[in-house]
Structure formats: structure tokens, C-alpha cells
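Student: Quick one: structure below, then a few questions.
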Amino acid sequence: MTRAATERSIKINVRNFSFYYGDFQALDSLTLGIGQNEITALIGPSGCGKSTFLRSLNRMNDTIPGARAVGDVLLDGKNIYDPEVDVTELRQRVGMVFQRPNPFPQSIYDNVAFGPRVLGTARRSDLGDLVRQSLIDASLWDDVKHRLHGSALNLNPGQQQRLCIARAIAVKPDVILMDEPCSALDPVATLRVEDLMRELAEHFTIVIVTHNMQQAARVSDQTGFFWLGRLVEFDETERLFSAPREALTEAYITGRRG
Amino acid sequence: MANLTEFARERYAQAALRARPASIWLRRGWSETLIELLIRLSGLSTIAIVGLIFLFLVREGLPTFLDIPLRQLFSGRWYPIEGLYGLWPLLVGSLVVTAGAIIIAVPLGLTTAIYLGEIAPPWQREILKPLVEVLAGIPSIVLGFLGWVTLAPIIQGLGAPTGLTALTGSLILAYMALPAIISISEDALYAVPKEYRDGALAIGATQWQTIWRVVLPAARSGLAMAVMLGIGRAIGETMAVMMVTGNAAFVPDLGLDMPLSPVRTMTATIAAEMGEVAQGSLHYSVLFGIGIVLFVVTFTINLIAGRLVGSVVRRRGGQL
């Protein structure tokens with residue numbers, strides 16, 4: 001599962017990145033490299049900045065008044081905070097799955113077709129195939145193939161979350177950000193999403209925020225531990241959980257702090 | 001083992017604590033019964049009053065539909081003095097003025113709501129929203145006055161024989177329906193969960209695509225309700241319309257300049273003629289008959305609006 005450090009190719013290179021909400025500093029000069037086709041898990045207590053960091057990777061924080069970023073986030077070597085970067089194009093390349101499943105109140109088909117339609121990335125005649133393939137890749141096709149035009153809101157939460165994953169991959173992003181994607185799901189649905197993540201990692205780079213340390217240990221290649229806006233430790237998942245370098249990390253993963 | 005009994009004892013104590021408040025409800029006295037009775041009475045009285053109003057309307061207006069042949073009722077001649085009671089000109093008058101008002105007010109109201117709810121920066125919203133409320137508070141007679149003094153000369157300048165036309169009424173009515181349309185549609189947009197917007201933006205949709213393809217469809221029922229209530233407001237309005245539409249009970253010629261001819265609405269007819277009729281005469285009951293027609297129209301609109309709200313609630317799983 002883990003690769004030797006020399007083989008890693010870095011997809012997102014974060015250098016001295018800080019983030020502010022008004023006067024409040026939420027992130028304090030983070031530096032890390034997120035590897036291509038790896039699953040990177042971000043762990044840490046609530047309010048430690050891991051979600052803020054995740055949302056700054058596709059600039060979803062832009063919508064918050066007073067939010068300000070300092071430092072570089074290089075996606076394939078290009079700074080996404082450059083003034084000339086087109087945010088909608090960035091978000092097409094860096095998709096996102098949210099904590100609570102948020103399918104639109106439309107049909108299953110329209111949900112998946114939403115991205116290709118607004119971005120104009122698929123020809124009309126190819127749209128059906130694209131929707132089908134996205135649903136297959138999100139391991140939802142068998143559940144919904146007979147009711148593609150039924151409302152997405154009639155799906156159960158686990159199916160809704162996989163629909164949101166299908167919606168995200170339909171625009172063929174490079175990176176998928178997942179913000180606690182399983183926290184609203186039951187254990188069975190959670191395991192299905194985790195299996196799905198491992199399959200998706202063959203084609204996408206995945207960054208996941210999770211409160212569940214077993215989940216981080218199960219699915220991720222690399223893990224970063226956040227504490228009060230700082231990245232305390234970032235390492236291969238196996239090493240971080242078996243032999244953490246920092247005392248704070250050890251205290252957190254063994255449940256003594258947090 | 002000692003720990004376990006300790007645990008059990010604690011749980012038992014907690015359960016006993018939880019059980020205690022229930023006994024308070026057993027001691028409800030006569031005051032509780034009295035308050036419940038009062039609430040029940042006031043609730044029922046509202047329903048009773050609506051029923052009585054309808055009964056009264058029917059009793060006073062029924063001769064209209066019994067004594068006048070339907071063919072005459074739907075004829076184009078409203079000459080009460082000669083005993084001709086054709087409601088058609090009044091229906092057309094109401095229809096033209098209201099339709100015009102809707103055509104003006106709905107696009108303007110919806111776009112204003114979208115601007116307020118989705119696009120305007122917070123400081124603008126804080127200024128504009130109270131202004132919309134102020135607009136709702138302007139007495140209709142004042143708007144009618146403004147229409148008479150400022151709007152009518154402008155319309156006459158457009159080439160109409162008089163400034164007091166259906167269009168003048170439509171403009172004034174549109175202005176009156178706007179606050180309701182704006183504030184209800186804005187509420188409908190506000191009720192759309194932020195998660196939908198985030199979901200669309202995170203895929204790379206622009207703000208406009210997010211509004212057009214996600215937010216508006218999700219708020220569809222609420223927006224339809226806003227429009228319906230705006231229509232209800234427009235069709236029931238009397239005084240301002242009476243002042244600016246010219247009060248000519250003719251069926252205007254069909255055509256592009258139809259809005260530029262004077263008309264008379266159902267409401268204006270009742271208000272203008274009620275003071276002059278002998279109580280109990282046929283003319284008197286025809287005025288009530290017009291009231292019944294108005295009642296049925298607004299009731300239907302409210303019913304449709306209510307259905308729409310109901311479907312919103314059902315789709316959100318019982319939460320508004």
C-alpha cells in the first residue's frame with residue numbers, strides 16, 4: 001500500500017501556507033507535499049484547521065468574507081492563489097465531497113450530469129455514457145440503473161454520498177477533497193465508501209479529513225496531524241500510527257489528548 | 001462488582017429524576033382547563049367568522065345569479081340604471097389591470113429577490129431589505145395619488161387619449177404587489193440549504209449557473225407561492241386602482257393599445273356604486289354578486305398557493 005519515498009510524485013505542493021479569518025489565524029505556515037494517486041488523511045481535534053486547509057485547496061474559503069491566504073499552494077507546480085487563476089477551472093480540477101451528502105433536489109441523472117453541463121465538458125450525445133461511467137466508478141450504478149430519473153433525495157444517505165462522489169468525478173478532476181465524508185453514514189455505508197476511495201485512488205489524488213482515526217489508518221497512505229492550526233506531523237500512515245515522532249501526535253492517537 | 005452496583009444505583013437515581021416532572025402534569029387545575037378552552041374558542045371563532053362572511057355574501061348576492069339570465073351577466077353592457085348588468089367589462093378590466101401588473105411585478109420582484117438574497121453584499125442588503133418593508137407600508141391611496149399626479153401625465157404623453165388607463169393601474173398595482181413578491185421569494189431563496197450552493201460551486205459552476213440551475217429550481221414552489229400571493233394582492237386592491245384606471249365600464253378593443261384604454265375593475269365598481277344603491281335592490285345584490293366572484297377568484301389563488309406550500313413541506317420531509 002505504501003510506496004517508497006523516492007517513488008512519490010507530488011501533486012500538490014504546499015509551502016509556508018497560512019490562512020486567516022479576519023484577525024484570527026486558522027493555519028500557521030504549513031508545508032507539505034500531497035502525493036499523486038495517494039490518499040492523504042488529515043486528522044486532529046475539532047477546530048484544529050484541517051477542514052480550513054482542505055477547503056483552501058480548491059479555494060472554497062473564498063466565499064467567506066474576510067478570509068485571506070498567505071503562502072503558496074502549487075497544483076502541478078502552479079500557484080492556485082495566483083490572481084489570474086480561474087477559480088471555476090480550479091474547482092473542476094479539484095473536486096469536493098462534503099460532510100453531509102448534498103445531492104441537488106433533482107433526478108439522479110441530472111445530479112451527475114450537472115458538472116459536464118455547466119462546464120460544457122461533454123457533448124450532448126456523450127452525456128449518457130459519462131453519467132453511466134461515473135455512476136459505475138462510484139459503485140452506485142447497480143443501485144440506481146433502473147431509476148436514473150427518480151429523485152436523488154429518495155436514496156439512502158450512503159447512496160447519496162456515493163452519488164455526490166459520482167457527481168464530483170463526472171467532470172474528471174485530478175484531485176478529490178473529502179470533508180469527513182462518512183460522518184453522517186452508518187458503519188456499512190462507511191465501509192463501502194472506504195472501499196470506493198481505494199479504487200478511486202488509482203485514478204485520482206484524494207485528500208480526506210476525518211475524525212475517525214481507524215478510518216485514517218485503514219484507507220490512507222499519508223497522514224497529517226493538525227493541532228491548533230499547525231501541522232504537527234506528516235508522514236506515511238503506517239509510521240505515524242505505529243511510531244509517531246512527536247509526543248503530541250502519540251498523545252492524540254492514543255486518545256490522551258483531543 | 002462494587003463498581004457495577006454503584007453504576008446501577010446511579011442509573012436508578014437518574015431515572016427517578018427524569019420521571020419526576022411527569023407528576024407535575026397530573027396536578028393541572030381549573031386554570032389549565034380554562035386557558036385551553038379560551039384558546040380553543042378563539043381558534044374556532046376565526047373559522048366561524050370566515051364561514052359567516054361567506055354566508056352573508058351568498059345571501060346578499062345570490063339574486064344576481066337567480067334573477068339575471070347568465071347570458072346577460074356575461075354580456076358587455078354594464079348599465080345598472082337601465083337594468084343591464086353585464087359583468088364582462090368589469091371582469092376584463094380586472095383581468096387586464098391584474099395581468100399587466102403581474103407582467104411588470106413578477107420579473108422585477110424575482111430579480112430583486114435574487115439580487116438581495118444571492119448577490120448583494122451584506123451592507124446593501126441591510127439597507128435594501130428595510131426599504132422593501134417601507135414600500136409595503138405605503139398606504140395604497142398614497143400610491144393612487146402619486147399615480148394620478150405623476151404617472152398619468154406621462155402615460156398621456158405616450159399618446160393615450162387620457163392618462164387614466166389600465167396601464168396606469170397596472171403600474172401602481174405592480175408597485176403594490178412588489179413587496180410581497182420580493183420578501184416571500186427572498187424567504188424561499190433563503191430556505192435553500194447552503195449545501196446545495198457549495199455543491200454546485202465546488203464542481204466549478206459560476207455563481208450565475210449555481211443560481212439558475214440549482215438555487216432557483218430548489219426554491220421553485222416558494223417562488224410560485226410568492227407570485228400567487230402577489231396576484232392575490234393585486235386583484236383585490238381597490239382604491240388606488242379606482243383613482244387611476246379611468247373607471248370606464250367598457251370592454252376595451254383587443255389589440256396592442258389595450259393597456260392604454262380606460263377600464264373599470266370589479267373592486268372599483270363595488271366601491272364606487274355601493275353608496276348610491278338602494279339596499280335590497282337588484283343593483284345592490286349584483287354588487288354583492290361581484291363580491292362573490294372576487295371571493296371565488298382569490299380563494300382559488302390562495303388554495304393553489306397553499307397546495308404549493310404543502311408540496312414544499314412534503315419534499316423537505318416535513319420541515320419548512
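Numbering starts fresh at 1 for the residues of each chain in the C-alpha cells, the chains themselves are lettered A, B, ... in the order given, and ligands are numbered from 1 as they appear.
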Enumerate as a ChimeraX atom specification the residues belonging to chain A that approach chain B to within 8 Å, with only C-alpha atoms taken into account.
Tutor: /A:58,60,87-92,95-98,102-105,115,118-119,168,171
Student: Would you put the residues from that selection into a file with all heavy atoms, as a compact mmCIF listing (two decimals), in the first residue's frame?
Tutor:
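Full text of again02.txt as output:
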# COMPACT_ATOMS: atom_id res chain seq x y z
N ASN A 58 -9.24 24.03 -2.81
CA ASN A 58 -9.99 24.39 -4.02
C ASN A 58 -10.63 25.76 -3.86
O ASN A 58 -11.57 26.10 -4.55
CB ASN A 58 -11.04 23.33 -4.37
CG ASN A 58 -12.16 23.27 -3.36
OD1 ASN A 58 -12.04 23.77 -2.25
ND2 ASN A 58 -13.27 22.66 -3.74
N MET A 60 -12.55 27.06 -1.70
CA MET A 60 -13.94 27.19 -1.28
C MET A 60 -14.06 28.22 -0.16
O MET A 60 -15.15 28.71 0.14
CB MET A 60 -14.49 25.85 -0.80
CG MET A 60 -14.94 24.93 -1.92
SD MET A 60 -16.26 25.61 -2.94
CE MET A 60 -17.69 25.29 -1.91
N VAL A 87 -11.08 30.45 -10.84
CA VAL A 87 -11.49 29.61 -9.72
C VAL A 87 -12.39 28.46 -10.18
O VAL A 87 -12.28 27.34 -9.68
CB VAL A 87 -12.21 30.45 -8.64
CG1 VAL A 87 -12.68 29.58 -7.49
CG2 VAL A 87 -11.29 31.53 -8.12
N THR A 88 -13.26 28.73 -11.17
CA THR A 88 -14.15 27.64 -11.61
C THR A 88 -13.34 26.53 -12.28
O THR A 88 -13.64 25.36 -12.12
CB THR A 88 -15.22 28.17 -12.57
OG1 THR A 88 -14.59 28.70 -13.72
CG2 THR A 88 -16.07 29.22 -11.91
N GLU A 89 -12.28 26.92 -13.00
CA GLU A 89 -11.43 25.91 -13.63
C GLU A 89 -10.68 25.11 -12.57
O GLU A 89 -10.56 23.89 -12.66
CB GLU A 89 -10.46 26.62 -14.57
CG GLU A 89 -9.85 25.74 -15.63
CD GLU A 89 -8.95 26.57 -16.52
OE1 GLU A 89 -9.43 27.56 -17.11
OE2 GLU A 89 -7.75 26.26 -16.59
N LEU A 90 -10.21 25.83 -11.55
CA LEU A 90 -9.52 25.16 -10.44
C LEU A 90 -10.43 24.12 -9.80
O LEU A 90 -10.03 22.99 -9.54
CB LEU A 90 -9.08 26.20 -9.40
CG LEU A 90 -8.64 25.62 -8.05
CD1 LEU A 90 -7.30 24.91 -8.18
CD2 LEU A 90 -8.56 26.70 -6.98
N ARG A 91 -11.69 24.52 -9.56
CA ARG A 91 -12.60 23.61 -8.87
C ARG A 91 -13.01 22.44 -9.75
O ARG A 91 -13.43 21.40 -9.25
CB ARG A 91 -13.83 24.38 -8.38
CG ARG A 91 -13.48 25.32 -7.25
CD ARG A 91 -14.68 26.10 -6.79
NE ARG A 91 -14.27 27.10 -5.81
CZ ARG A 91 -14.93 28.23 -5.63
NH1 ARG A 91 -16.01 28.49 -6.33
NH2 ARG A 91 -14.51 29.10 -4.72
N GLN A 92 -12.93 22.63 -11.06
CA GLN A 92 -13.16 21.47 -11.92
C GLN A 92 -12.03 20.45 -11.73
O GLN A 92 -12.25 19.25 -11.74
CB GLN A 92 -13.23 21.92 -13.37
CG GLN A 92 -13.57 20.77 -14.31
CD GLN A 92 -13.13 21.05 -15.73
OE1 GLN A 92 -13.06 22.20 -16.15
NE2 GLN A 92 -12.84 19.99 -16.45
N GLY A 95 -12.06 18.57 -7.15
CA GLY A 95 -13.45 18.39 -6.76
C GLY A 95 -13.59 18.21 -5.27
O GLY A 95 -12.60 18.09 -4.54
N MET A 96 -14.84 18.22 -4.79
CA MET A 96 -15.03 18.15 -3.35
C MET A 96 -16.29 17.36 -2.99
O MET A 96 -17.31 17.45 -3.66
CB MET A 96 -15.16 19.56 -2.79
CG MET A 96 -15.11 19.61 -1.28
SD MET A 96 -14.75 21.28 -0.73
CE MET A 96 -14.14 20.95 0.91
N VAL A 97 -16.17 16.57 -1.93
CA VAL A 97 -17.30 15.83 -1.38
C VAL A 97 -17.46 16.29 0.07
O VAL A 97 -16.48 16.36 0.81
CB VAL A 97 -17.05 14.31 -1.43
CG1 VAL A 97 -18.17 13.56 -0.74
CG2 VAL A 97 -16.91 13.86 -2.88
N PHE A 98 -18.70 16.60 0.44
CA PHE A 98 -18.91 17.27 1.73
C PHE A 98 -19.29 16.29 2.83
O PHE A 98 -19.56 15.12 2.60
CB PHE A 98 -19.99 18.33 1.59
CG PHE A 98 -19.59 19.46 0.68
CD1 PHE A 98 -19.72 19.34 -0.70
CD2 PHE A 98 -19.04 20.61 1.20
CE1 PHE A 98 -19.34 20.37 -1.54
CE2 PHE A 98 -18.65 21.65 0.37
CZ PHE A 98 -18.80 21.52 -1.01
N ASN A 102 -24.94 16.05 -0.14
CA ASN A 102 -25.74 17.19 -0.60
C ASN A 102 -26.13 17.07 -2.06
O ASN A 102 -25.85 17.94 -2.86
CB ASN A 102 -24.98 18.50 -0.36
CG ASN A 102 -23.67 18.56 -1.12
OD1 ASN A 102 -23.19 17.55 -1.62
ND2 ASN A 102 -23.10 19.73 -1.24
N PRO A 103 -26.82 15.96 -2.41
CA PRO A 103 -27.31 15.91 -3.79
C PRO A 103 -28.32 17.03 -4.02
O PRO A 103 -29.01 17.42 -3.08
CB PRO A 103 -27.99 14.53 -3.86
CG PRO A 103 -28.33 14.19 -2.46
CD PRO A 103 -27.27 14.83 -1.62
N PHE A 104 -28.38 17.55 -5.25
CA PHE A 104 -29.36 18.57 -5.57
C PHE A 104 -30.74 17.91 -5.59
O PHE A 104 -30.85 16.73 -5.91
CB PHE A 104 -29.07 19.20 -6.93
CG PHE A 104 -27.70 19.78 -7.03
CD1 PHE A 104 -26.90 19.54 -8.14
CD2 PHE A 104 -27.18 20.57 -6.00
CE1 PHE A 104 -25.62 20.07 -8.23
CE2 PHE A 104 -25.91 21.10 -6.09
CZ PHE A 104 -25.13 20.85 -7.20
N PRO A 105 -31.81 18.69 -5.29
CA PRO A 105 -33.15 18.11 -5.33
C PRO A 105 -33.62 17.91 -6.77
O PRO A 105 -34.59 18.51 -7.19
CB PRO A 105 -34.00 19.15 -4.58
CG PRO A 105 -33.26 20.42 -4.73
CD PRO A 105 -31.80 20.08 -4.85
N GLY A 115 -22.25 18.79 -13.56
CA GLY A 115 -20.92 19.33 -13.83
C GLY A 115 -20.62 19.42 -15.32
O GLY A 115 -20.30 20.50 -15.83
N VAL A 118 -22.71 22.31 -16.90
CA VAL A 118 -22.34 23.71 -16.66
C VAL A 118 -20.95 24.02 -17.20
O VAL A 118 -20.67 25.15 -17.59
CB VAL A 118 -22.42 24.11 -15.16
CG1 VAL A 118 -23.83 23.95 -14.64
CG2 VAL A 118 -21.43 23.35 -14.32
N LEU A 119 -20.07 23.02 -17.21
CA LEU A 119 -18.72 23.28 -17.68
C LEU A 119 -18.60 23.08 -19.19
O LEU A 119 -17.60 23.46 -19.79
CB LEU A 119 -17.72 22.38 -16.95
CG LEU A 119 -17.66 22.60 -15.44
CD1 LEU A 119 -16.87 21.49 -14.77
CD2 LEU A 119 -17.05 23.95 -15.11
N ALA A 168 -18.93 14.42 -8.46
CA ALA A 168 -17.61 15.06 -8.45
C ALA A 168 -16.70 14.47 -9.54
O ALA A 168 -15.97 15.22 -10.19
CB ALA A 168 -16.96 14.90 -7.08
N VAL A 171 -16.78 15.32 -13.79
CA VAL A 171 -16.06 16.38 -14.50
C VAL A 171 -14.57 16.05 -14.62
O VAL A 171 -13.78 16.89 -14.99
CB VAL A 171 -16.25 17.77 -13.83
CG1 VAL A 171 -17.72 18.16 -13.83
CG2 VAL A 171 -15.71 17.78 -12.41
Student: Could you tell me which of A:Leu163, A:Val73, A:Ala251, A:Ile12 comes closest to Ala113 of chain A if we count only C-alpha atoms?
Tutor: A:Leu163
Student: Between atom CA of Ser139 of chain A and atom CA of His211 of chain A, what is the spacing in Å?
Tutor: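 Separation between atom CA of His211 of chain A and atom CA of Ser139 of chain A: 24.1 Å.
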Student: For Leu91 of chain B, please output as a ChimeraX atom specification all residues within 12 Å (counting only C-alpha atoms; exclusion window: fewer than 2 positions along the same chain).
Tutor: /B:73-78,86-89,93-99,235,249-252,263-269,290-291,293-294,297
Student: Using DSSP secondary structure from the backbone, list all helix (DSSP H, G or I) positions within segment 132-220 of chain A, as a compact mmCIF listing (two decimals) with C-alpha atoms, in the first residue's frame.
Tutor:
# COMPACT_ATOMS: atom_id res chain seq x y z
CA ARG A 132 -23.25 5.84 -16.57
CA GLN A 133 -19.48 5.54 -16.26
CA SER A 134 -19.36 7.98 -13.33
CA LEU A 135 -22.05 6.01 -11.51
CA ILE A 136 -20.18 2.75 -12.18
CA ASP A 137 -16.95 4.29 -10.89
CA TRP A 141 -24.74 2.04 -10.92
CA ASP A 142 -26.32 -1.25 -9.81
CA ASP A 143 -28.35 0.52 -7.14
CA VAL A 144 -29.81 3.17 -9.44
CA ALA A 152 -31.86 11.81 -5.75
CA LEU A 153 -33.42 12.62 -2.39
CA ASN A 154 -35.06 9.20 -2.25
CA PRO A 157 -27.54 8.56 2.94
CA GLY A 158 -24.83 6.14 1.86
CA GLN A 159 -26.12 6.11 -1.71
CA GLN A 160 -26.48 9.89 -1.65
CA GLN A 161 -22.85 10.25 -0.64
CA ARG A 162 -21.74 7.92 -3.45
CA LEU A 163 -23.93 9.99 -5.80
CA CYS A 164 -22.03 13.08 -4.67
CA ILE A 165 -18.80 11.25 -5.44
CA ALA A 166 -20.17 10.34 -8.88
CA ARG A 167 -21.13 13.98 -9.39
CA ALA A 168 -17.61 15.06 -8.45
CA ILE A 169 -15.82 12.58 -10.74
CA PRO A 187 -20.77 1.59 9.52
CA VAL A 188 -21.79 -0.50 6.48
CA ALA A 189 -22.15 2.54 4.22
CA THR A 190 -18.87 3.85 5.64
CA LEU A 191 -17.01 0.69 4.64
CA ARG A 192 -18.44 0.90 1.12
CA VAL A 193 -17.23 4.48 0.76
CA GLU A 194 -13.81 3.50 2.09
CA ASP A 195 -13.54 0.65 -0.43
CA LEU A 196 -14.57 3.12 -3.09
CA MET A 197 -11.83 5.53 -2.04
CA ARG A 198 -9.18 2.84 -2.51
CA GLU A 199 -10.49 2.16 -6.03
CA LEU A 200 -10.66 5.85 -6.87
CA MET A 213 -8.51 7.53 13.33
CA GLN A 214 -9.26 3.95 12.40
CA GLN A 215 -10.54 5.27 9.10
CA ALA A 216 -7.37 7.26 8.52
CA ALA A 217 -5.31 4.17 9.39
CA ARG A 218 -7.43 1.92 7.14
CA VAL A 219 -7.55 3.95 3.95
Student: For Ala201 of chain A, list every protein, DNA or RNA residue within 7 Å, evaluated using only C-alpha atoms, and leave out those in the same chain fewer than 5 positions away; present the list as a PyMOL selection string.
Tutor: chain A and resi 37-39+206
